[in-house]
file start12.cif (mmCIF, C-alpha atoms)
data_data
#
loop_
_atom_site.label_atom_id
_atom_site.label_comp_id
_atom_site.auth_asym_id
_atom_site.auth_seq_id
_atom_site.Cartn_x
_atom_site.Cartn_y
_atom_site.Cartn_z
CA MET A 18 -7.31 -13.92 15.52
CA ARG A 19 -7.57 -10.69 17.52
CA LEU A 20 -10.81 -8.83 16.96
CA PRO A 21 -10.52 -5.06 17.48
CA ALA A 22 -13.35 -3.30 19.30
CA SER A 23 -14.63 -1.51 16.19
CA GLU A 24 -14.74 -4.75 14.18
CA ARG A 25 -16.51 -6.53 17.00
CA THR A 26 -19.08 -3.76 17.22
CA ILE A 27 -19.74 -4.02 13.49
CA LEU A 28 -20.09 -7.80 13.65
CA GLU A 29 -22.49 -7.51 16.61
CA LEU A 30 -24.63 -5.07 14.63
CA LEU A 31 -24.58 -7.29 11.54
CA SER A 32 -25.03 -10.58 13.39
CA GLY A 33 -28.80 -10.59 12.89
CA GLY A 34 -28.25 -11.41 9.23
CA GLU A 35 -29.90 -8.25 7.96
CA PRO A 36 -27.66 -6.31 5.52
CA ARG A 37 -27.04 -2.71 6.57
CA TYR A 38 -25.47 0.44 5.21
CA GLY A 39 -22.39 1.89 6.87
CA LEU A 40 -24.32 4.93 7.98
CA GLU A 41 -26.94 2.71 9.66
CA LEU A 42 -24.17 0.93 11.55
CA VAL A 43 -22.82 4.27 12.78
CA ALA A 44 -26.29 5.35 13.88
CA ALA A 45 -26.92 2.06 15.69
CA SER A 46 -23.55 1.95 17.42
CA SER A 47 -24.33 4.62 20.03
CA GLY A 48 -21.14 6.53 19.29
CA ARG A 49 -18.82 3.54 19.17
CA LEU A 50 -18.35 3.90 15.42
CA THR A 51 -17.61 7.13 13.55
CA ARG A 52 -18.58 8.18 10.04
CA GLY A 53 -14.99 9.06 9.22
CA GLY A 54 -13.60 5.65 10.04
CA ILE A 55 -16.39 3.15 9.42
CA TYR A 56 -15.59 2.46 5.77
CA VAL A 57 -11.88 1.97 6.34
CA THR A 58 -12.80 -0.59 9.01
CA LEU A 59 -15.40 -2.24 6.77
CA GLY A 60 -12.91 -2.39 3.89
CA ARG A 61 -10.35 -4.05 6.13
CA MET A 62 -12.96 -6.51 7.42
CA GLU A 63 -13.99 -7.34 3.86
CA GLU A 64 -10.38 -8.11 3.00
CA LYS A 65 -10.23 -10.42 6.03
CA GLY A 66 -13.45 -12.11 4.90
CA LEU A 67 -15.45 -11.09 7.98
CA VAL A 68 -18.06 -9.12 6.03
CA THR A 69 -19.24 -8.99 2.46
CA SER A 70 -20.89 -6.18 0.57
CA VAL A 71 -23.02 -5.54 -2.47
CA ALA A 72 -23.35 -2.30 -4.39
CA ALA A 73 -26.59 -0.44 -3.80
CA SER A 74 -28.01 2.70 -5.33
CA GLY A 75 -26.15 6.03 -5.21
CA GLY A 76 -22.68 4.57 -4.77
CA ARG A 77 -23.56 3.12 -1.36
CA ARG A 78 -22.95 -0.48 -0.32
CA LEU A 79 -24.90 -2.91 1.84
CA TYR A 80 -22.82 -4.91 4.28
CA ARG A 81 -23.50 -8.34 5.71
CA ALA A 82 -21.53 -10.58 8.10
CA THR A 83 -20.04 -13.73 6.56
CA GLY A 84 -19.92 -17.13 8.20
CA LEU A 85 -16.33 -16.44 9.19
CA GLY A 86 -17.42 -13.14 10.71
CA GLU A 87 -20.12 -14.86 12.75
CA ARG A 88 -17.62 -17.45 14.00
CA ALA A 89 -15.07 -14.75 14.83
CA LEU A 90 -17.70 -12.91 16.87
CA LEU A 91 -18.67 -16.10 18.68
CA ALA A 92 -15.00 -16.82 19.41
CA ALA A 93 -14.54 -13.28 20.74
CA ARG A 94 -17.58 -13.67 22.96
CA ILE A 95 -16.34 -17.00 24.31
CA PHE A 96 -12.90 -15.54 24.88
CA SER A 97 -14.34 -12.66 26.88
CA GLY A 98 -16.64 -14.99 28.81
CA GLU A 99 -19.89 -13.49 27.49
CA ALA A 100 -21.06 -16.56 25.61
CA ILE A 101 -20.51 -18.86 28.61
CA LEU A 102 -22.14 -16.49 31.09
CA GLY A 103 -24.98 -15.83 28.67
CA ALA A 104 -25.75 -19.54 28.13
CA ARG A 105 -28.00 -20.09 31.10
CA PRO A 106 -30.34 -23.08 31.29
CA MET B 1 -19.58 22.18 -1.99
CA ARG B 2 -19.90 18.41 -2.06
CA HIS B 3 -19.30 18.22 -5.80
CA LEU B 4 -16.29 20.51 -5.58
CA LEU B 5 -14.86 18.39 -2.77
CA ALA B 6 -15.49 15.22 -4.76
CA ARG B 7 -13.62 16.67 -7.74
CA LEU B 8 -10.69 17.67 -5.54
CA ILE B 9 -10.58 14.23 -3.93
CA GLU B 10 -10.55 12.58 -7.35
CA ARG B 11 -7.13 14.11 -7.95
CA LEU B 12 -5.63 12.86 -4.68
CA PRO B 13 -3.27 9.86 -4.92
CA LEU B 14 -5.27 7.60 -2.60
CA GLU B 15 -4.97 3.85 -2.36
CA THR B 16 -7.90 1.72 -3.53
CA ARG B 17 -9.22 0.99 -0.05
CA GLU B 18 -8.94 4.61 1.05
CA ARG B 19 -10.59 5.90 -2.10
CA ARG B 20 -13.47 3.52 -1.64
CA ALA B 21 -13.90 4.65 1.97
CA VAL B 22 -13.97 8.31 0.95
CA ASP B 23 -16.33 7.60 -1.97
CA GLU B 24 -18.75 5.80 0.33
CA THR B 25 -18.59 8.66 2.83
CA LEU B 26 -19.41 11.07 0.01
CA ALA B 27 -22.26 8.80 -1.09
CA ASP B 28 -23.67 8.86 2.45
CA TRP B 29 -23.48 12.65 2.41
CA GLU B 30 -25.34 12.74 -0.91
CA HIS B 31 -27.98 10.34 0.41
CA GLU B 32 -28.54 12.42 3.54
CA ALA B 33 -28.69 15.63 1.51
CA SER B 34 -31.34 14.10 -0.75
CA ILE B 35 -33.66 13.36 2.18
CA ALA B 36 -33.06 16.60 4.11
CA ARG B 37 -36.12 18.82 3.71
CA THR B 38 -35.49 22.00 5.69
CA ARG B 39 -32.65 24.47 5.31
CA ALA B 40 -31.45 23.74 8.85
CA ALA B 41 -31.38 20.02 8.13
CA ARG B 42 -29.41 20.57 4.92
CA ALA B 43 -26.90 22.74 6.79
CA ALA B 44 -26.50 20.09 9.46
CA VAL B 45 -26.02 17.39 6.79
CA ALA B 46 -23.39 19.54 5.05
CA ALA B 47 -21.51 20.09 8.31
CA THR B 48 -21.54 16.43 9.37
CA GLY B 49 -20.76 15.28 5.83
CA LEU B 50 -17.80 17.62 5.53
CA PHE B 51 -16.50 16.54 8.92
CA ALA B 52 -16.86 12.84 7.98
CA VAL B 53 -15.02 13.29 4.67
CA CYS B 54 -12.21 15.24 6.39
CA ALA B 55 -11.94 12.49 9.02
CA ALA B 56 -11.87 9.81 6.29
CA LEU B 57 -9.12 11.75 4.50
CA ALA B 58 -7.06 12.51 7.61
CA ARG B 59 -5.60 9.04 8.00
CA PRO B 60 -4.37 8.47 4.42
CA THR B 61 -3.18 12.07 4.15
CA SER B 62 -1.09 11.88 7.31
CA ARG B 63 0.33 8.53 6.25
CA THR B 64 1.15 9.84 2.78
CA MET B 65 2.92 12.84 4.29
CA ILE B 66 4.96 10.62 6.61
CA ARG B 67 5.88 8.38 3.68
CA TRP B 68 6.80 11.37 1.55
CA ALA B 69 8.96 12.85 4.31
CA THR B 70 10.68 9.51 4.94
CA LEU B 71 11.25 8.93 1.24
CA SER B 72 12.62 12.45 0.72
CA ALA B 73 14.97 12.13 3.70
CA GLY B 74 16.12 8.72 2.47
CA VAL B 75 16.73 9.90 -1.09
CA LEU B 76 18.61 13.00 0.11
CA THR B 77 20.80 10.86 2.38
CA ILE B 78 21.53 8.43 -0.46
CA VAL B 79 22.44 11.33 -2.76
CA PHE B 80 24.70 12.74 -0.04
CA LEU B 81 26.33 9.34 0.47
CA GLY B 82 26.81 9.02 -3.29
CA ILE B 83 28.56 12.40 -3.50
CA PHE B 84 30.61 11.63 -0.39
CA GLY B 85 31.64 8.24 -1.76
CA THR B 86 32.58 9.72 -5.14
CA VAL B 87 34.65 12.44 -3.49
CA ALA B 88 36.28 9.91 -1.15
CA ILE B 89 37.43 7.66 -3.94
CA ARG B 90 38.01 10.20 -6.70
CA TRP B 91 39.96 12.92 -4.97
CA SER B 92 41.34 11.43 -1.79
CA GLY B 93 41.70 7.80 -2.95
CA ASN B 94 40.34 6.69 0.41
CA LEU B 95 39.01 3.19 -0.23
CA GLU B 96 37.93 2.68 3.42
CA ALA B 97 35.70 5.76 3.32
CA PHE B 98 34.22 4.54 0.03
CA MET B 99 33.49 1.11 1.48
CA VAL B 100 31.90 2.58 4.62
CA THR B 101 29.75 4.79 2.39
CA VAL B 102 28.70 1.81 0.32
CA VAL B 103 27.76 -0.19 3.43
CA LEU B 104 25.79 2.73 4.92
CA GLY B 105 24.03 3.34 1.62
CA GLY B 106 23.17 -0.36 1.36
CA ILE B 107 21.73 -0.45 4.88
CA LEU B 108 19.68 2.67 4.15
CA MET B 109 18.40 1.27 0.87
CA ALA B 110 17.46 -2.01 2.62
CA ALA B 111 15.63 -0.08 5.37
CA MET B 112 13.70 1.98 2.82
CA ARG B 113 12.87 -1.09 0.79
CA PHE B 114 11.57 -2.79 3.94
CA ALA B 115 9.57 0.27 5.03
CA PHE B 116 7.95 0.97 1.66
CA GLY B 117 7.53 -2.60 0.45
CA ARG B 118 5.78 -3.85 3.56
CA ASP B 119 2.21 -2.93 2.68
CA ARG B 120 2.47 -3.60 -1.03
CA SER B 121 -0.49 -5.49 -2.40
CA GLN B 122 0.29 -9.00 -3.54
CA THR B 123 -1.64 -8.49 -6.73
CA ALA B 124 -0.46 -4.94 -7.45
CA LEU B 125 1.99 -5.73 -10.22
CA PHE B 126 2.77 -8.66 -12.42
CA ASP B 127 6.39 -9.70 -11.94
CA PRO B 128 7.94 -9.88 -15.43
CA PHE B 129 10.98 -11.70 -14.04
CA ALA B 130 9.00 -14.41 -12.25
CA ARG B 131 9.49 -16.90 -15.08
CA ASP B 132 13.19 -16.36 -15.52
CA THR B 133 14.85 -19.73 -15.95
CA PHE B 134 18.20 -18.89 -14.45
CA ALA B 135 18.46 -17.53 -10.92
CA THR B 136 20.91 -14.67 -10.49
CA ASP B 137 21.13 -14.91 -6.70
CA ALA B 138 24.80 -15.87 -6.77
CA ILE B 139 25.85 -12.70 -8.58
CA ASN B 140 23.02 -10.39 -7.47
CA TYR B 141 22.77 -11.34 -3.84
CA ALA B 142 20.89 -8.19 -2.82
CA HIS B 143 18.15 -9.02 -5.41
CA VAL B 144 18.46 -5.57 -6.95
CA ARG B 145 16.21 -5.51 -10.00
CA VAL B 146 18.56 -4.74 -12.92
CA ALA B 147 15.97 -2.52 -14.60
CA GLY B 148 14.82 1.09 -14.35
CA VAL B 149 16.50 3.57 -12.01
CA GLY B 150 17.85 0.88 -9.67
CA GLY B 151 19.40 -1.02 -12.56
CA ALA B 152 20.92 2.15 -14.05
CA GLY B 153 22.39 3.00 -10.62
CA LEU B 154 23.83 -0.49 -10.30
CA VAL B 155 25.42 -0.26 -13.76
CA ALA B 156 26.77 3.24 -12.98
CA ALA B 157 28.28 2.03 -9.68
CA ALA B 158 29.86 -0.93 -11.49
CA MET B 159 31.28 1.36 -14.17
CA ILE B 160 32.76 3.75 -11.58
CA ALA B 161 34.34 0.87 -9.67
CA ALA B 162 35.60 -0.67 -12.92
CA LEU B 163 37.26 2.55 -14.05
CA GLU B 164 38.90 3.15 -10.67
CA PHE B 165 40.38 -0.30 -10.04
CA GLN B 166 42.46 -1.86 -12.79
CA LEU B 167 41.84 -5.42 -11.62
CA THR B 168 38.10 -4.80 -11.71
CA THR B 169 38.43 -3.12 -15.13
CA VAL B 170 39.80 -6.34 -16.57
CA ALA B 171 37.09 -8.40 -14.88
CA VAL B 172 34.32 -6.08 -16.07
CA ALA B 173 35.76 -6.00 -19.60
CA LEU B 174 35.83 -9.80 -19.63
CA GLY B 175 32.28 -9.94 -18.25
CA LEU B 176 31.07 -7.39 -20.78
CA SER B 177 32.67 -9.28 -23.66
CA GLY B 178 31.30 -12.58 -22.39
CA GLY B 179 27.85 -11.06 -21.96
CA ILE B 180 27.82 -9.65 -25.48
CA ILE B 181 29.02 -12.92 -26.97
CA GLY B 182 26.55 -14.94 -24.88
CA ALA B 183 23.60 -12.66 -25.69
CA THR B 184 24.44 -12.65 -29.40
CA THR B 185 24.66 -16.44 -29.38
CA VAL B 186 21.30 -16.81 -27.61
CA ILE B 187 19.64 -14.36 -30.03
CA LEU B 188 21.06 -16.14 -33.06
CA ILE B 189 20.04 -19.57 -31.74
CA ARG B 190 16.47 -18.36 -31.04
CA ARG B 191 16.18 -16.77 -34.49
CA TRP B 192 17.50 -19.97 -36.09
CA ARG B 193 14.99 -22.08 -34.11
CA HIS B 194 11.99 -19.86 -34.96
CA SER B 195 12.87 -19.49 -38.63
#

call {"tool": "encode", "arguments": {"input": "start12.cif", "output": "C-alpha cells"}}
result
Amino acid sequence: MRLPASERTILELLSGGEPRYGLELVAASSGRLTRGGIYVTLGRMEEKGLVTSVAASGGRRLYRATGLGERALLAARIFSGEAILGARP
Amino acid sequence: MRHLLARLIERLPLETRERRAVDETLADWEHEASIARTRAARAAVAATGLFAVCAALARPTSRTMIRWATLSAGVLTIVFLGIFGTVAIRWSGNLEAFMVTVVLGGILMAAMRFAFGRDRSQTALFDPFARDTFATDAINYAHVRVAGVGGAGLVAAAMIAALEFQLTTVAVALGLSGGIIGATTVILIRRWRHS
C-alpha cells in the first residue's frame, strides 16, 4: 500500500497514541499539512482504516491512529530505510 | 461572517466526505474565534478561517464544475446524435448513417457511465433489481436499466426502430403480445396463490 506524504505525516504525528484534533496536527506539522486539506485527508484515511475518530465538543473530532495505521507507518519507514538505519544497538 | 458562510455552504451539493471536511474546518474556525481575546486576534482568526474554508471548498467545487461541464457536453452530444440519427433514418433513409450514430452514441454513453460511475459509493443506493430471479443479459447485453429516463429512451428507440422496419414491427408486436400475455399470466397466478 502506497502511503502519501500527507498521510505519513499525520500517522507520524498520531503515532504516540495520543488523540489529537485536526488543527493540532496542522500546527505540529511545521507547514507540511494545511488547514484546507487536512480533513479531506483524514476522511480518506478513516475510510482506509488508518485512523479513527470520535466526536468532541463543538463539532470537532479527535483523531487517533489505528493498529493498521501504525503498521502502515512502520512499513513505510522500513521501505524508506529509516527503521533499519534507526535501529542501532 | 462565519454563520453566513455556514448557511451558504449548507446549500451546496457536497458529497458526505467533503461536507464533513468543510464542517470540521468551520468548527475549527469557531473554536479559534471563541478563544481569541483581542480584536487583532479575532481578525487574524477570521482571515485564516475564511482562507481554510475556501481551500476546503476549492477541491470539490472544481471537481463538481468539471463533472458538470463533462455531463453537459455529453448530454448535448447525445441529443445531437439523436437528432442526427432521426434525420438520417426518417428523411434520407440512410441506414448506415443511423447505425454509425447508434454506435457513436453507445460509445459515448459507455464512456460517461464509466466516468461518472467510477467513484460511486458501494452503499449509496439499494439495488431493487438485485434479487431478480431471471437474468436479462441475453436480451439486454448493455445492462441498460429498463427504468426511469434510460428505460424510457430504450423503449422510445425500440418503438422508432419498430415503426421504421416492417420486419422489426412484426417482431416487436409479437414480443409485446407475448409480454402482455406472460405478465397477465404471472399476475393471475400470483393472485390465485395468495388468495

call {"tool": "residues_near_point", "arguments": {"input": "start12.cif", "point": "(-18.3, -10.3, 9.4)", "cutoff": "7 Å", "atoms": "all atoms listed in the file", "output": "tab-separated table (two decimals) with C-alpha atoms, in the frame of the given file"}}
result
chain	number	residue	atom	x	y	z
A	28	LEU	CA	-20.09	-7.80	13.65
A	62	MET	CA	-12.96	-6.51	7.42
A	66	GLY	CA	-13.45	-12.11	4.90
A	67	LEU	CA	-15.45	-11.09	7.98
A	68	VAL	CA	-18.06	-9.12	6.03
A	81	ARG	CA	-23.50	-8.34	5.71
A	82	ALA	CA	-21.53	-10.58	8.10
A	83	THR	CA	-20.04	-13.73	6.56
A	85	LEU	CA	-16.33	-16.44	9.19
A	86	GLY	CA	-17.42	-13.14	10.71
A	87	GLU	CA	-20.12	-14.86	12.75

call {"tool": "resolve_selection", "arguments": {"input": "start12.cif", "expression": "the PyMOL selection byres ((chain A) within 12 of (chain B))", "output": "ChimeraX atom specification"}}
result
/A:38-41,43,50-64,72-79

call {"tool": "atom_distance", "arguments": {"input": "start12.cif", "atom1": "CA of Ala93 (chain A)", "atom2": "CA of Leu20 (chain A)"}}
result
6.9 Å

call {"tool": "resolve_selection", "arguments": {"input": "start12.cif", "expression": "the PyMOL selection byres ((chain A and resi 36) around 7)", "output": "list in words"}}
result
Leu31, Gly34, Glu35, Arg37, Leu79, Tyr80 and Arg81 of chain A

call {"tool": "atom_distance", "arguments": {"input": "start12.cif", "atom1": "CA of Ser92 (chain B)", "atom2": "CA of Ser72 (chain B)"}}
result
28.8 Å

call {"tool": "residues_near_point", "arguments": {"input": "start12.cif", "point": "(39.7, 4.0, 0.2)", "cutoff": "12 Å", "atoms": "all atoms listed in the file", "output": "list in words"}}
result
Phe84, Gly85, Thr86, Val87, Ala88, Ile89, Arg90, Trp91, Ser92, Gly93, Asn94, Leu95, Glu96, Ala97, Phe98, Met99, Val100, Thr101, Val102, Ala161, Glu164 and Phe165 of chain B

call {"tool": "build_atoms", "arguments": {"input": "start12.cif", "residues": "region 38-50 of chain A", "atoms": "N, CA, C and O atoms", "output": "PDB file, keeping the file's coordinate frame"}}
result
ATOM      1  N   TYR A  38     -26.398  -0.563   5.738  1.00  0.00           N
ATOM      2  CA  TYR A  38     -25.470   0.440   5.210  1.00  0.00           C
ATOM      3  C   TYR A  38     -24.506   0.863   6.316  1.00  0.00           C
ATOM      4  O   TYR A  38     -24.812   0.724   7.512  1.00  0.00           O
ATOM      5  N   GLY A  39     -23.364   1.410   5.901  1.00  0.00           N
ATOM      6  CA  GLY A  39     -22.390   1.890   6.870  1.00  0.00           C
ATOM      7  C   GLY A  39     -22.947   2.961   7.783  1.00  0.00           C
ATOM      8  O   GLY A  39     -22.702   2.961   8.992  1.00  0.00           O
ATOM      9  N   LEU A  40     -23.731   3.838   7.202  1.00  0.00           N
ATOM     10  CA  LEU A  40     -24.320   4.930   7.980  1.00  0.00           C
ATOM     11  C   LEU A  40     -25.290   4.404   9.041  1.00  0.00           C
ATOM     12  O   LEU A  40     -25.367   4.932  10.155  1.00  0.00           O
ATOM     13  N   GLU A  41     -26.025   3.335   8.688  1.00  0.00           N
ATOM     14  CA  GLU A  41     -26.940   2.710   9.660  1.00  0.00           C
ATOM     15  C   GLU A  41     -26.160   2.101  10.818  1.00  0.00           C
ATOM     16  O   GLU A  41     -26.596   2.154  11.966  1.00  0.00           O
ATOM     17  N   LEU A  42     -25.007   1.527  10.492  1.00  0.00           N
ATOM     18  CA  LEU A  42     -24.170   0.930  11.550  1.00  0.00           C
ATOM     19  C   LEU A  42     -23.683   2.009  12.500  1.00  0.00           C
ATOM     20  O   LEU A  42     -23.666   1.815  13.714  1.00  0.00           O
ATOM     21  N   VAL A  43     -23.290   3.157  11.943  1.00  0.00           N
ATOM     22  CA  VAL A  43     -22.820   4.270  12.780  1.00  0.00           C
ATOM     23  C   VAL A  43     -23.955   4.734  13.684  1.00  0.00           C
ATOM     24  O   VAL A  43     -23.767   4.948  14.889  1.00  0.00           O
ATOM     25  N   ALA A  44     -25.141   4.866  13.102  1.00  0.00           N
ATOM     26  CA  ALA A  44     -26.290   5.350  13.880  1.00  0.00           C
ATOM     27  C   ALA A  44     -26.666   4.369  14.993  1.00  0.00           C
ATOM     28  O   ALA A  44     -27.065   4.788  16.086  1.00  0.00           O
ATOM     29  N   ALA A  45     -26.518   3.075  14.714  1.00  0.00           N
ATOM     30  CA  ALA A  45     -26.920   2.060  15.690  1.00  0.00           C
ATOM     31  C   ALA A  45     -25.838   1.768  16.730  1.00  0.00           C
ATOM     32  O   ALA A  45     -26.084   1.042  17.693  1.00  0.00           O
ATOM     33  N   SER A  46     -24.666   2.320  16.540  1.00  0.00           N
ATOM     34  CA  SER A  46     -23.550   1.950  17.420  1.00  0.00           C
ATOM     35  C   SER A  46     -23.467   2.778  18.695  1.00  0.00           C
ATOM     36  O   SER A  46     -22.581   2.530  19.526  1.00  0.00           O
ATOM     37  N   SER A  47     -24.327   3.727  18.853  1.00  0.00           N
ATOM     38  CA  SER A  47     -24.330   4.620  20.030  1.00  0.00           C
ATOM     39  C   SER A  47     -22.975   5.288  20.241  1.00  0.00           C
ATOM     40  O   SER A  47     -22.445   5.316  21.357  1.00  0.00           O
ATOM     41  N   GLY A  48     -22.402   5.773  19.178  1.00  0.00           N
ATOM     42  CA  GLY A  48     -21.140   6.530  19.290  1.00  0.00           C
ATOM     43  C   GLY A  48     -19.880   5.695  19.269  1.00  0.00           C
ATOM     44  O   GLY A  48     -18.778   6.234  19.325  1.00  0.00           O
ATOM     45  N   ARG A  49     -20.026   4.382  19.188  1.00  0.00           N
ATOM     46  CA  ARG A  49     -18.820   3.540  19.170  1.00  0.00           C
ATOM     47  C   ARG A  49     -18.142   3.532  17.814  1.00  0.00           C
ATOM     48  O   ARG A  49     -16.961   3.243  17.698  1.00  0.00           O
ATOM     49  N   LEU A  50     -18.917   3.817  16.772  1.00  0.00           N
ATOM     50  CA  LEU A  50     -18.350   3.900  15.420  1.00  0.00           C
ATOM     51  C   LEU A  50     -18.497   5.338  14.917  1.00  0.00           C
ATOM     52  O   LEU A  50     -19.460   6.023  15.274  1.00  0.00           O
TER      53      LEU A  50
END
